[in-house]
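To start, the structure itself, in structure tokens.
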4 protein chains.
Amino acid sequence: MNSFGTLFRINIFGESHGESVGILIDGVPAGLSLCVDDFLIDIERRKGGLQKATTPRKEDDLPIFKSGIFNGKTTGAPLTIIFENNNTRSSDYEKQRDIPRPGHADFVASKKFGGFEDYRGSGHFSGRLTLCLVAAGVIAKKILKDISINATLVKVGGERDIERGIQKAIDTKDSVGGIIECKTIGLPIGLGEPFFDSVESLISHIVFSIPAIKGIEFGSGFAAAKMFGSQHNDSIIDENGATKTNNAGGIVAGLTNGNELVFRVAVKPTSSTPKEQQSLNITTNQIEEFSIKGRHDLCIALRVPVVLEAVTAIVLADLMMLEQRIPRAIK
Amino acid sequence: MNSFGTLFRINIFGESHGESVGILIDGVPAGLSLCVDDFLIDIERRKGGLQKATTPRKEDDLPIFKSGIFNGKTTGAPLTIIFENNNTRSSDYEKQRDIPRPGHADFVASKKFGGFEDYRGSGHFSGRLTLCLVAAGVIAKKILKDISINATLVKVGGERDIERGIQKAIDTKDSVGGIIECKTIGLPIGLGEPFFDSVESLISHIVFSIPAIKGIEFGSGFAAAKMFGSQHNDSIIDENGATKTNNAGGIVAGLTNGNELVFRVAVKPTSSTPKEQQSLNITTNQIEEFSIKGRHDLCIALRVPVVLEAVTAIVLADLMMLEQRIPRAIK
Amino acid sequence: MNSFGTLFRINIFGESHGESVGILIDGVPAGLSLCVDDFLIDIERRKGGLQKATTPRKEDDLPIFKSGIFNGKTTGAPLTIIFENNNTRSSDYEKQRDIPRPGHADFVASKKFGGFEDYRGSGHFSGRLTLCLVAAGVIAKKILKDISINATLVKVGGERDIERGIQKAIDTKDSVGGIIECKTIGLPIGLGEPFFDSVESLISHIVFSIPAIKGIEFGSGFAAAKMFGSQHNDSIIDENGATKTNNAGGIVAGLTNGNELVFRVAVKPTSSTPKEQQSLNITTNQIEEFSIKGRHDLCIALRVPVVLEAVTAIVLADLMMLEQRIPRAIK
Amino acid sequence: MNSFGTLFRINIFGESHGESVGILIDGVPAGLSLCVDDFLIDIERRKGGLQKATTPRKEDDLPIFKSGIFNGKTTGAPLTIIFENNNTRSSDYEKQRDIPRPGHADFVASKKFGGFEDYRGSGHFSGRLTLCLVAAGVIAKKILKDISINATLVKVGGERDIERGIQKAIDTKDSVGGIIECKTIGLPIGLGEPFFDSVESLISHIVFSIPAIKGIEFGSGFAAAKMFGSQHNDSIIDENGATKTNNAGGIVAGLTNGNELVFRVAVKPTSSTPKEQQSLNITTNQIEEFSIKGRHDLCIALRVPVVLEAVTAIVLADLMMLEQRIPRAIK
């Protein structure tokens, strides 16, 4: 259930306010150089913020290798990475427990796990676990070498000018969502499998495991539904399969067609808005006003691009292995 | 690769112009009554068309049970259903082969399978295989009993008036796409798993295995990206988890929350448009004009609603089994 | 549940006295020549008998290809093979139903599937389904090309002289079991995965799905438990990993070591013995004497060697694919 | 590859002389009490030795919970346990590296992983990882509650008197193997699935992942091959399926039949014998005499019973979940 992939297989674990979060990756080829520094840029990008720090802050969220690395290289055995949780001020959550926060796991997780779930900071459902996805993504990107994956925020709060979108949130003391676009170049033709393991199927599967994603579209996506077939069809113009247009977003019949892979996702506004909200107090069975304490992101979408790149890389590494384009031991 | 599901597991096979298409389903509970008549309405719906026939045409696309049924009931052993292909006029495809049709599997499948693929009518990639999904969906719906799944076409060619959208296609001699909405009521709280097997992940995975789907959104979906958190959050209003609004589309933290499950998909315009098109002739390496022969749907989206219901039912049946809400033998 | 394998994946279906038995194989490389004749020898071998017919009887148990083959070659899409059941005289089983036959699925299957199972001739649990394994084995053997798998009956009824063992059964009007040895040459070093997917793990897993197998041992097997380490260890004598002895049976640390792969299995005596037996009549709750009607094998072990080769080939084809030694399309 | 199970799913990681070994378990029901003390007895048993210490030594091999536990109970989220490696004197292995040890992973692992494997003390192939299996087994046993699993050493070095078998090893300065029998009582009827997931298939699969196991037999096992059908068949004597004899070892048609589940395994003599041995020096390509340094078990079989119980419990917990006999949250 908490695993994904066939030959490059990830298993995620941990809780927001538990001891640690981590990821176990099976199927990493042997012989890949790997060190803590490889992870710093992407981990820093995940911290979000409009002003990117020039130097990554090395002090937090450092990956600790627990298995699968020897003499600075991967061994082919399962690779485990752990991130310790230093911030464990969880008393706030205890108080909040009676009023399940709208948009959060609180109510549904409690029903599913009989009240035994770690409810602090959404526990195992927390966005903090995307740190593990980013770590796996770093490894997947290394495996993919000449394939370049690039995700960018294209809209915030409905605005193409991202700073203006953020300013709206600040001005209204509310949270906002956004749209992120992910583009990949350098893919061979024929990745993906017919039907259930189409490239769209696999990417969307893992993309929707990122908290706050509520939509995905490939190529022209929803706009395609308004187009005529003669407009939407991408004519093949050379023997390598290059097409004149790219309405398909690089995927035909579920397989990569050698053109740029393009998709966009919708990120909902952060559920933890600074605004006062209403919800049911499950102890008193009364609807109450409440507001969420603590420092929260006004726009979680700012932090998602690197996570989106990571999950895309995870899928593509697996598909490249299925096509025997990645050896089991890298020389 | 051609299979999907954990406890209710489907395996699809067959080609458009081969001998048959079919589906093997493992994990069907024992004791479920099943006969050919159970399938007729949904199979008829899949044939599309604006004027629905009052009586289902019983003569084509009848399911043939090959295993798993005894005395009119499922046995708990794998259930296999085959549909024979009667229309095997495939000489047209032979002629077309030099010019891979835009938007179709022709070019990519040939690259992937070294030219050994059955290219007639898209072979194993054909929309004809959705007939098998519909059949599995009939069984899944029976298993789900009191859960009601309903998909409807909400837009064609950009128009809310569906007939007008179709008329556009007829007038321009082109094909059009559409938007379909799927709503499910009666779900318990807590279906789905944290992270990789979120309800959105599983539904989108199988939805994108339906040919021609290029986008999916849950609840407010892409519109959520323009909303404020205070607008988007759905306040819980009673102890059963009913919410005031349903921007989440019935899924929070990847789990069902007991409210209506709502999602929409974008269907691209039929790739086989009557319009003249250009593509590369891979033998001469010249770009050529060509037009697609034969009778094709002007709007494939007309046929998708029942397929969408089917795949939704397949996912939900599996999730209900994982929650132990469906016994292995139905009394 | 009724499937096995990672990249070469088989799914079995059907019942002894239903319409058919069959197998769906996913992951067959494209471009493999395949015709009915390829199957005849192994299907004939499965019929058992001490006097092997010089010409295979072509009239029964012919494979019917339902998908995955085009122009005499595999396409890379799922391959489905069906065998029709012609013998459906099942009235005998109806009468027998009150008294579950010792050693057969009757009692346990009824408890598991709530009485809905197809009980005729053991239904889905029948040895008839090994016909499907043999068919998949034919394909796997073709994929393995230069790897040679050979299983032989080495003991019947405790006798090395097989005919004498059979004679014992005839003389006592009882059934007997046997020991089969399977040897494979031509394997590369390093097939298998550490821990759970060791070669022994995978082979034993599928071997125990063959009805009537009650034991398996690799190399020296149970005899190893009596040996000293200095006797059991196989010294490596050349750079290709050849060993002086082969007590390990060609597997060290779960991986093939390039030497002959050797294992033996124990087949229990046919449960359907001609002798009178006792069992509980579940309707009257009385213990009754009864005897099994119809023609049954005195020694089912005679028919197992080709099935054992088949399942071994199935595992090895999958492992060869995992090591990228079989291309996805064979030129 | 390094994972096993469907609903109770284990993933193993770590190396003998790396930082740690560990196990990630997905599918543990929520609400199970769990503390370090629960693990001590089984961990102590795994240390082997004829004189069992009266008080478990608490200082080594203590499980460290990394995820999935909150307030002393399981949460339903993935549970991760790590054991740190304190003994990392690995310089000995560096010296040994030129001469692959017979019976060990050295040669094959190096070929498989291109020389990148952690070769120290067999790395990821080490018997040390069985500590993780024991830990998972403790949890599985807790889940199984009223089901009792008991494995005992029944022969060492061919002797029923275990101390005499050990003495043989001491006297000859060699290592010896053994036979272990595992018995389980309290199982319901109908666990297991037809064909590939028969109880024998699943148990043997995981049993052969334990290093040094070379054979397994259920019930009468290899002896069954010498019996007549009338002797081997177990007559059903009451409506609960109790049988007069138990030659089947509690499994018929791959399913549990409610009688005692019985199987035996053969453990080879420890490969690291104190005796001088020969092997190829892969650098000089000469056969050399060498002897293995350090303290090694004369009879690894002494340590296997608790591991065998653990893997049996792991399989049975999974099968009980598949039959919906274990709730997802334990009240």
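Lettering and numbering for the structure tokens are positional, with chains as A, B, ... in the shown order, residues counted from 1 in each chain, and ligands counted from 1 in the shown order.
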Long-range neighbours of Val199 in chain B as a list in words, 9 Å cut-off, only C-alpha atoms, 2 positions minimum in chain: Phe208 of chain A; Leu191, Gly192, Glu193, Asp197, Ser201, Leu202, Ile203, Ser204, Ile251, Gly254, Leu255, Thr256, Val315, Leu316 and Leu319 of chain B
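Residue list for chain A within 12 Å of chain C: Gly5, Thr6, Leu7, Phe8, Asp26, Gly27, Pro29, Gly76, Ala77, Pro78, Gly190, Leu191, Glu193, Pro194, Phe195, Met320, Met321, Leu322, Glu323, Gln324, Arg325, Ile326, Pro327, Arg328 and Ala329 of chain A, counting only C-alpha atoms.
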File of the preceding selection, C-alpha atoms, as a PDB file, in the first residue's frame:
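The resulting out-v1.pdb:
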ATOM      1  CA  GLY A   5       6.893   0.819  -8.753  1.00  0.00           C
ATOM      2  CA  THR A   6       7.886  -2.449 -10.345  1.00  0.00           C
ATOM      3  CA  LEU A   7      11.657  -2.583 -10.812  1.00  0.00           C
ATOM      4  CA  PHE A   8      12.506   0.732  -9.175  1.00  0.00           C
ATOM      5  CA  ASP A  26      14.537  -1.461  -3.961  1.00  0.00           C
ATOM      6  CA  GLY A  27      15.988  -1.903  -7.416  1.00  0.00           C
ATOM      7  CA  PRO A  29      21.296  -0.197  -9.866  1.00  0.00           C
ATOM      8  CA  GLY A  76      22.280  -3.049  -5.640  1.00  0.00           C
ATOM      9  CA  ALA A  77      20.775  -3.964  -2.251  1.00  0.00           C
ATOM     10  CA  PRO A  78      17.812  -2.008  -0.880  1.00  0.00           C
ATOM     11  CA  GLY A 190       7.963   3.505 -26.395  1.00  0.00           C
ATOM     12  CA  LEU A 191       8.147   3.895 -22.609  1.00  0.00           C
ATOM     13  CA  GLU A 193       2.760  -0.254 -21.321  1.00  0.00           C
ATOM     14  CA  PRO A 194      -0.569  -0.720 -23.074  1.00  0.00           C
ATOM     15  CA  PHE A 195      -3.642  -0.076 -20.936  1.00  0.00           C
ATOM     16  CA  MET A 320      13.456   2.854 -18.419  1.00  0.00           C
ATOM     17  CA  MET A 321      14.350  -0.260 -16.419  1.00  0.00           C
ATOM     18  CA  LEU A 322      11.375  -2.145 -17.839  1.00  0.00           C
ATOM     19  CA  GLU A 323      12.707  -1.269 -21.303  1.00  0.00           C
ATOM     20  CA  GLN A 324      16.164  -2.530 -20.255  1.00  0.00           C
ATOM     21  CA  ARG A 325      17.694   0.883 -20.791  1.00  0.00           C
ATOM     22  CA  ILE A 326      19.318   0.970 -17.332  1.00  0.00           C
ATOM     23  CA  PRO A 327      21.761  -1.826 -16.496  1.00  0.00           C
ATOM     24  CA  ARG A 328      21.562  -3.530 -13.101  1.00  0.00           C
ATOM     25  CA  ALA A 329      25.161  -2.544 -12.405  1.00  0.00           C
TER      26      ALA A 329
END
For Pro63 in chain A, the nearest of the candidates A:Ile300, A:Ile236, A:Val176, A:Leu133, counting only C-alpha atoms: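 Looking at the shortest contact to Pro63 in chain A, the residue is A:Leu133.
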Non-local contacts of Ala225 in chain A (8 Å; only C-alpha atoms; under 4 positions in same chain excluded) as a list in words: Gly221 of chain A; Val156, Gly157, Gly158, Val176, Gly177, Gly178, Ile179, Ala266, Val267, Lys268 and Pro269 of chain B
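Residue neighbourhood of Ile64 in chain A, excluding near-sequence residues (fewer than 4 positions): A:Val36, A:Thr80, A:Ile81, A:Ile82, A:Phe83, A:Glu84, at 9 Å, using only C-alpha atoms.
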Members of range 158-239 of chain B assigned strand (DSSP E) by DSSP, as a PyMOL selection string: chain B and resi 178-185+213-218
Keeping only C-alpha atoms, write those residues as a short mmCIF file (atom, residue, chain, number, x, y, z; two decimals), in the first residue's frame.
data_model
loop_
_atom_site.label_atom_id
_atom_site.label_comp_id
_atom_site.auth_asym_id
_atom_site.auth_seq_id
_atom_site.Cartn_x
_atom_site.Cartn_y
_atom_site.Cartn_z
CA GLY B 178 -15.89 16.21 -24.42
CA ILE B 179 -16.01 16.35 -20.65
CA ILE B 180 -17.55 13.59 -18.54
CA GLU B 181 -18.48 13.82 -14.90
CA CYS B 182 -18.68 10.79 -12.64
CA LYS B 183 -20.50 10.86 -9.31
CA THR B 184 -20.69 8.10 -6.71
CA ILE B 185 -22.90 8.04 -3.65
CA ILE B 213 -8.51 10.54 -21.77
CA LYS B 214 -6.10 13.47 -21.32
CA GLY B 215 -7.09 15.01 -18.00
CA ILE B 216 -8.79 14.31 -14.69
CA GLU B 217 -9.82 16.50 -11.78
CA PHE B 218 -11.44 15.71 -8.44
#
Residues of range 145-242 of chain B in helix (DSSP H, G or I), written as a PyMOL selection string: chain B and resi 162-172+195-197+199-207+221-226+229-232
12 Å contact set for Arg128 in chain A, only C-alpha atoms, chain neighbours under 4 positions out, as an NGL selection string: (:A and (12-18 or 20-22 or 43 or 46-47 or 61 or 83-85 or 87 or 120-124 or 132-134 or 210-211 or 300 or 303-304 or 307)) or (:B and (195))
Exercise: Ser272 in chain D partners within 12 Å, only C-alpha atoms, chain neighbours under 3 positions left out, as a ChimeraX atom specification: /C:228-233 /D:100-105,121-122,173-177,212,268-269,275-277,290-300
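CA of Asn259 in chain D lies 9.3 Å from CA of Asn240 in chain D.
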Option closest in space to Ile282 in chain B, from A:Ala253, A:Val306, A:Ala317, A:Glu239 [counting only C-alpha atoms]: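 Nearest to Ile282 in chain B: A:Glu239.
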Given only C-alpha atoms as the counted atoms, nearest of B:Lys226, B:Ala313, B:Asp106, B:Leu187 to Ile206 in chain B: B:Ala313
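Considering only C-alpha atoms, the residue among A:Val207, A:Ala242, A:Ala301, A:Ala136 positioned nearest to Ile162 in chain A is A:Ala301.
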